[in-house]
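*Asks:* Just passing along the structure, written as C-alpha cells.
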Protein chains: 2
Amino acid sequence: MYVVIMKEDQLHQLIWMSRPLMQAAEACVEAGLVGTNLTVRMRAVLEMLDKYGEQTVPEIAARLEIKRQYVQVMCNETFASGLVVQRPNPRHKRSPILALTDHGRTLIEEIISNEMKLMEKVGANVSSEDISTALEVVLAVADRLKTQAGERA
Amino acid sequence: MYVVIMKEDQLHQLIWMSRPLMQAAEACVEAGLVGTNLTVRMRAVLEMLDKYGEQTVPEIAARLEIKRQYVQVMCNETFASGLVVQRPNPRHKRSPILALTDHGRTLIEEIISNEMKLMEKVGANVSSEDISTALEVVLAVADRLKTQAGERA
DNA sequence: CCAATATTGACATTTATGTTGTCATTATGA
DNA sequence: TCATAATGACAACATAAATGTCAATATTGG
C-alpha cells in the first residue's frame with residue numbers, strides 16, 4: 001500500500017523544521033564565536049554593517065525586524081567592544097552612523113568565512129539546483145505566511 | 001556581467017531564513033488559536049499527543065527537544081484545561097500517560113485542519129516536487145548542522 | 001530481595017531574547 | 001516657526017527555556 005504524503009503535509013513539515021534548523025544553526029554560530037569575545041547578537045550587528053554598509057541603529061533594527069530599543073542595546077554593546085565607530089550622521093544629528101573599524105571588519109569577515117566553510121561541509125552532498133529550489137520555496141512560503149499573519153492581526 | 005551566487009551563499013541564506021519563517025509561522029498559529037483558550041505551548045502538547053499517540057511528559061520532552069521540566073509545566077497547563085487525561089502508566093507508576101480527551105482530539109484536529117487549509121493557500125503556486133525537494137534539503141541540512149553543533153560542543 | 005542508581009514531578013532560581021511604554025531631546029518639514 | 005516625528009536612554013514586563021535541587025518512587029544488577 002502506498003502512503004501518499006500530501007503536499008500540504010510536506011509543507012507543514014517543512015515550515016516546522018525551521019525551528020530545529022534555526023537552533024542548530026545558532027548553536028554552530030555560537031561555537032564559531034568561542035574565543036572572540038563576541039556574542040551572537042554582536043555578531044548580528046557586525047554582519048549587518050559588513051553586508052549592507054554603515055548605517056544607523058534604526059536601520060539595523062528594520063533589517064533585523066526587531067525593535068529599535070533592543071537593537072540599541074545590541075549596538076551599544078558592540079560599540080563598547082571597539083569593533084565599531086560612531087560617525088556623524090548628516091541626515092540626523094542625534095543618530096550617529098555606525099561603521100566597522102578595520103579590526104571589526106577583519107573579525108566579522110573571518111567569522112563569516114568560517115561559516116561559509118561550514119556551509120561547504122553541510123551542503124556537500126546536496127546539488128546547487130536543489131539548494132536554489134529550496135531557497136526559492138522557503139522565500140516564497142515565508143513571504144506568504146507573513147502576509148497571512150499580517151492580515152489576521 | 002553575471003553575478004554568480006555561490007552555492008554556499010544560497011545555503012547560508014536558506015538557513016537564516018529559518019528565523020523569519022518560524023516567526024511568521026508562529027504568528028499564524030497564534031492567530032488560529034484566538035477564541036480557543038489555548039496557548040501555543042498547549043497546542044504543541046496536544047499536537048504531540050495527536051500525532052504520536054498517548055505518552056508521558058518525558059517522552060513529549062524528547063520529541064520537542066526541550067527540557068522535561070518545562071514540558072512538565074506545559075503539560076500541567078494542558079491537563080488543567082481538561083483536554084487531556086492522565087492514565088496509569090504500567091511502565092512507570094509515578095509518571096502517568098497523557099491522552100487526549102474526545103474534546104481535546106476534536107479541538108486539536110480542527111486546529112490542524114485549519115492550518116492545513118492555510119498550507120493550501122501558502123503553497124498554492126509552488127509545485128509538489130519543489131516542496132519535496134525543499135523538505136529533503138532542509139532535513140538534510142538540519143541534520144548535518146546538528147551533528148556539527150554536537151561535535152564542536 | 002535488596003541496595004545502588006535512575007527517573008520523575010514539583011518547585012525555585014536564573015538566563016536570554018526580546019517587547020512595550022515613556023521621557024527628554026533633538027530633528028524635520030509643512 | 002511650530003507641530004510632528006525620530007532618536008537614545010531607561011524601566012518594566014513577558015516568554016521560553018535552562019538549570020539546580022529535592023523527595024518520592026522505580027528499576028535493576030547482584
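Ordering of the C-alpha cells sets the chain letters (A, B, ...), residue numbers begin anew at 1 in every chain, and ligands are numbered from 1 in the order given.
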Each residue of chain B with at least one atom at most 8 Å from chain D should appear once, together with its nearest atom pair and the corresponding distance in Å (one decimal); atoms considered: only C-alpha atoms (C1' of nucleotides); ordering: chain, then increasing residue number; output as a tab-separated table.
*Replies:*
```
residue	atom	partner	partner_atom	distance
B:Ile66	CA	D:DA17	C1'	7.7
B:Lys67	CA	D:DA18	C1'	7.6
B:Tyr70	CA	D:DA17	C1'	7.0
B:His92	CA	D:DA26	C1'	6.8
B:Lys93	CA	D:DA26	C1'	7.5
B:Arg94	CA	D:DT25	C1'	6.7
```
*Asks:* Could you please select, counting only C-alpha atoms (C1' of nucleotides), the residues of chain B within 10 Å of chain C and state them as a PyMOL selection string?
*Replies:* chain B and resi 57-58+68-69+72-73+92-96
*Asks:* Just the alpha helix (DSSP H) stuff from chain A, please, per backbone DSSP, written as a ChimeraX atom specification.
*Replies:* /A:7-16,18-33,40-52,57-64,68-80,102-122,128-152
*Asks:* Residues of chain A were defined as contacting chain B if any atom lay at most 6 Å from it, counting only C-alpha atoms; please report them as JSON, numbers by chain.
*Replies:* {"A": [7, 8, 14, 18, 21, 22, 24, 27, 28, 119, 122, 128, 134, 135, 142, 144, 145, 146, 149]}
*Asks:* Based on the selection just made, write C-alpha atoms of those residues as a PDB file, in the first residue's frame.
*Replies:*
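Here's the written file selection.pdb:
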```
ATOM      1  CA  LYS A   7       1.729  18.437  -0.455  1.00  0.00           C
ATOM      2  CA  GLU A   8       0.202  20.271   2.479  1.00  0.00           C
ATOM      3  CA  LEU A  14       8.976  21.990   6.041  1.00  0.00           C
ATOM      4  CA  SER A  18      12.535  25.866  10.711  1.00  0.00           C
ATOM      5  CA  LEU A  21      17.093  24.248  11.835  1.00  0.00           C
ATOM      6  CA  MET A  22      17.452  27.620  13.446  1.00  0.00           C
ATOM      7  CA  ALA A  24      21.175  24.022  15.135  1.00  0.00           C
ATOM      8  CA  ALA A  27      24.483  26.521  18.055  1.00  0.00           C
ATOM      9  CA  CYS A  28      27.018  26.365  15.225  1.00  0.00           C
ATOM     10  CA  MET A 119      28.303  25.582   4.598  1.00  0.00           C
ATOM     11  CA  VAL A 122      26.871  20.908   5.283  1.00  0.00           C
ATOM     12  CA  SER A 128      23.231  23.534  -6.241  1.00  0.00           C
ATOM     13  CA  ALA A 134      14.764  25.085  -1.555  1.00  0.00           C
ATOM     14  CA  LEU A 135      15.703  28.719  -1.125  1.00  0.00           C
ATOM     15  CA  ALA A 142       7.882  32.909   4.345  1.00  0.00           C
ATOM     16  CA  ARG A 144       3.054  34.280   2.107  1.00  0.00           C
ATOM     17  CA  LEU A 145       2.986  33.421   5.772  1.00  0.00           C
ATOM     18  CA  LYS A 146       3.964  36.940   6.711  1.00  0.00           C
ATOM     19  CA  ALA A 149      -0.105  36.704   9.709  1.00  0.00           C
TER      20      ALA A 149
END
```
*Asks:* Figure out the distance between CA of Val71 (chain A) and CA of Gly53 (chain A), please, to one decimal in Å.
*Replies:*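 Value for the CA of Gly53 (chain A)-CA of Val71 (chain A) distance: 16.4 Å.
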*Asks:* I'd like the superposed chain A, fitted onto chain B by least squares over all Cα atoms in order, as a CSV table (one decimal) with C-alpha atoms, in the first residue's frame.
*Replies:*
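To be explicit, this is the file written out as selection.csv:
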```csv
chain,number,residue,atom,x,y,z
A,1,MET,CA,28.0,41.1,-16.0
A,2,TYR,CA,26.9,37.9,-14.3
A,3,VAL,CA,26.7,37.8,-10.6
A,4,VAL,CA,27.3,34.3,-9.7
A,5,ILE,CA,25.6,33.4,-6.4
A,6,MET,CA,27.5,30.7,-4.9
A,7,LYS,CA,26.0,27.5,-3.5
A,8,GLU,CA,27.4,28.3,-0.1
A,9,ASP,CA,25.8,31.8,-0.1
A,10,GLN,CA,22.5,30.4,-1.0
A,11,LEU,CA,22.7,27.8,1.7
A,12,HIS,CA,23.6,30.4,4.2
A,13,GLN,CA,20.6,32.4,3.1
A,14,LEU,CA,18.4,29.4,3.3
A,15,ILE,CA,19.5,28.6,6.8
A,16,TRP,CA,19.0,32.2,8.0
A,17,MET,CA,15.6,32.4,6.5
A,18,SER,CA,14.5,29.8,9.1
A,19,ARG,CA,14.2,32.5,11.8
A,20,PRO,CA,11.7,34.8,9.9
A,21,LEU,CA,10.0,31.7,8.6
A,22,MET,CA,9.5,30.4,12.1
A,23,GLN,CA,8.3,33.7,13.4
A,24,ALA,CA,5.7,34.1,10.6
A,25,ALA,CA,4.6,30.5,11.1
A,26,GLU,CA,4.1,31.1,14.9
A,27,ALA,CA,2.2,34.3,14.3
A,28,CYS,CA,-0.2,32.3,12.0
A,29,VAL,CA,-0.6,29.5,14.6
A,30,GLU,CA,-1.2,32.1,17.3
A,31,ALA,CA,-3.8,33.8,15.1
A,32,GLY,CA,-5.5,30.4,14.6
A,33,LEU,CA,-5.7,29.9,18.3
A,34,VAL,CA,-7.7,33.0,19.1
A,35,GLY,CA,-11.0,32.1,20.7
A,36,THR,CA,-9.8,28.6,21.8
A,37,ASN,CA,-8.3,29.4,25.2
A,38,LEU,CA,-5.3,27.6,24.0
A,39,THR,CA,-1.7,28.8,24.1
A,40,VAL,CA,0.9,27.9,21.5
A,41,ARG,CA,2.6,25.6,24.0
A,42,MET,CA,-0.6,23.8,24.9
A,43,ARG,CA,-1.2,23.4,21.2
A,44,ALA,CA,2.2,21.8,20.9
A,45,VAL,CA,1.4,19.2,23.6
A,46,LEU,CA,-2.0,18.4,22.0
A,47,GLU,CA,-0.3,18.0,18.6
A,48,MET,CA,2.2,15.5,20.0
A,49,LEU,CA,-0.5,13.5,21.6
A,50,ASP,CA,-2.6,13.5,18.4
A,51,LYS,CA,0.4,12.8,16.2
A,52,TYR,CA,2.2,10.1,18.2
A,53,GLY,CA,-0.5,8.9,20.5
A,54,GLU,CA,-0.7,8.9,24.3
A,55,GLN,CA,2.6,9.3,26.0
A,56,THR,CA,4.3,10.6,29.1
A,57,VAL,CA,5.8,14.0,29.8
A,58,PRO,CA,9.4,12.9,29.3
A,59,GLU,CA,8.5,11.3,26.0
A,60,ILE,CA,6.9,14.6,24.8
A,61,ALA,CA,10.0,16.4,26.0
A,62,ALA,CA,12.3,14.1,23.9
A,63,ARG,CA,10.1,14.7,20.8
A,64,LEU,CA,10.1,18.4,21.2
A,65,GLU,CA,13.7,18.5,22.2
A,66,ILE,CA,13.2,20.7,25.1
A,67,LYS,CA,13.8,20.0,28.8
A,68,ARG,CA,11.4,17.8,30.6
A,69,GLN,CA,11.0,20.4,33.4
A,70,TYR,CA,9.5,22.9,31.1
A,71,VAL,CA,7.4,20.3,29.2
A,72,GLN,CA,6.1,19.4,32.6
A,73,VAL,CA,4.8,22.9,33.1
A,74,MET,CA,3.3,22.9,29.6
A,75,CYS,CA,1.6,19.6,30.2
A,76,ASN,CA,0.2,20.6,33.6
A,77,GLU,CA,-1.4,23.6,31.9
A,78,THR,CA,-2.8,21.5,29.3
A,79,PHE,CA,-4.1,19.0,31.8
A,80,ALA,CA,-5.7,21.8,33.8
A,81,SER,CA,-7.6,22.7,30.6
A,82,GLY,CA,-9.4,19.4,30.6
A,83,LEU,CA,-8.3,18.5,27.1
A,84,VAL,CA,-6.1,15.8,28.4
A,85,VAL,CA,-6.5,13.0,30.9
A,86,GLN,CA,-3.9,11.2,33.0
A,87,ARG,CA,-4.0,7.4,32.7
A,88,PRO,CA,-2.0,5.0,34.9
A,89,ASN,CA,1.3,4.0,33.3
A,90,PRO,CA,2.1,0.3,33.6
A,91,ARG,CA,5.7,1.1,32.9
A,92,HIS,CA,6.2,3.8,35.5
A,93,LYS,CA,3.8,4.4,38.4
A,94,ARG,CA,4.8,8.0,39.1
A,95,SER,CA,4.6,9.1,35.5
A,96,PRO,CA,1.1,9.0,34.2
A,97,ILE,CA,0.4,8.6,30.5
A,98,LEU,CA,-1.3,11.7,29.0
A,99,ALA,CA,-4.1,11.1,26.5
A,100,LEU,CA,-6.4,13.4,24.6
A,101,THR,CA,-10.0,13.6,25.7
A,102,ASP,CA,-12.6,13.5,23.0
A,103,HIS,CA,-12.9,17.2,23.3
A,104,GLY,CA,-9.1,17.6,23.1
A,105,ARG,CA,-8.8,15.4,20.0
A,106,THR,CA,-11.7,17.2,18.2
A,107,LEU,CA,-10.1,20.6,19.1
A,108,ILE,CA,-6.6,19.9,18.0
A,109,GLU,CA,-7.7,18.1,14.8
A,110,GLU,CA,-9.8,21.1,13.9
A,111,ILE,CA,-6.9,23.5,14.6
A,112,ILE,CA,-4.5,21.4,12.5
A,113,SER,CA,-7.1,21.1,9.8
A,114,ASN,CA,-7.4,24.8,9.6
A,115,GLU,CA,-3.6,25.0,9.5
A,116,MET,CA,-3.7,22.6,6.5
A,117,LYS,CA,-6.1,24.9,4.8
A,118,LEU,CA,-3.6,27.7,5.3
A,119,MET,CA,-0.9,25.4,3.8
A,120,GLU,CA,-3.0,25.1,0.7
A,121,LYS,CA,-3.1,28.8,0.3
A,122,VAL,CA,0.6,29.3,1.1
A,123,GLY,CA,1.8,26.5,-1.2
A,124,ALA,CA,-0.7,27.4,-4.0
A,125,ASN,CA,1.8,28.3,-6.7
A,126,VAL,CA,4.6,26.0,-5.6
A,127,SER,CA,4.8,22.6,-7.1
A,128,SER,CA,4.7,19.4,-5.1
A,129,GLU,CA,8.1,18.4,-6.5
A,130,ASP,CA,9.7,21.6,-5.3
A,131,ILE,CA,8.2,21.3,-1.9
A,132,SER,CA,9.5,17.7,-1.7
A,133,THR,CA,12.9,18.9,-2.7
A,134,ALA,CA,12.9,21.8,-0.3
A,135,LEU,CA,11.9,19.4,2.6
A,136,GLU,CA,14.6,17.0,1.7
A,137,VAL,CA,17.2,19.7,1.6
A,138,VAL,CA,16.1,21.2,4.9
A,139,LEU,CA,16.0,17.9,6.6
A,140,ALA,CA,19.5,17.0,5.4
A,141,VAL,CA,20.9,20.4,6.3
A,142,ALA,CA,19.4,20.5,9.8
A,143,ASP,CA,20.8,17.0,10.4
A,144,ARG,CA,24.3,18.0,9.3
A,145,LEU,CA,24.2,21.2,11.4
A,146,LYS,CA,23.1,19.3,14.4
A,147,THR,CA,26.0,16.9,14.0
A,148,GLN,CA,28.4,19.8,13.6
A,149,ALA,CA,27.0,21.7,16.6
A,150,GLY,CA,27.3,18.5,18.7
A,151,GLU,CA,30.9,17.9,17.6
A,152,ARG,CA,32.0,21.4,18.5
A,153,ALA,CA,30.4,21.4,21.9
```
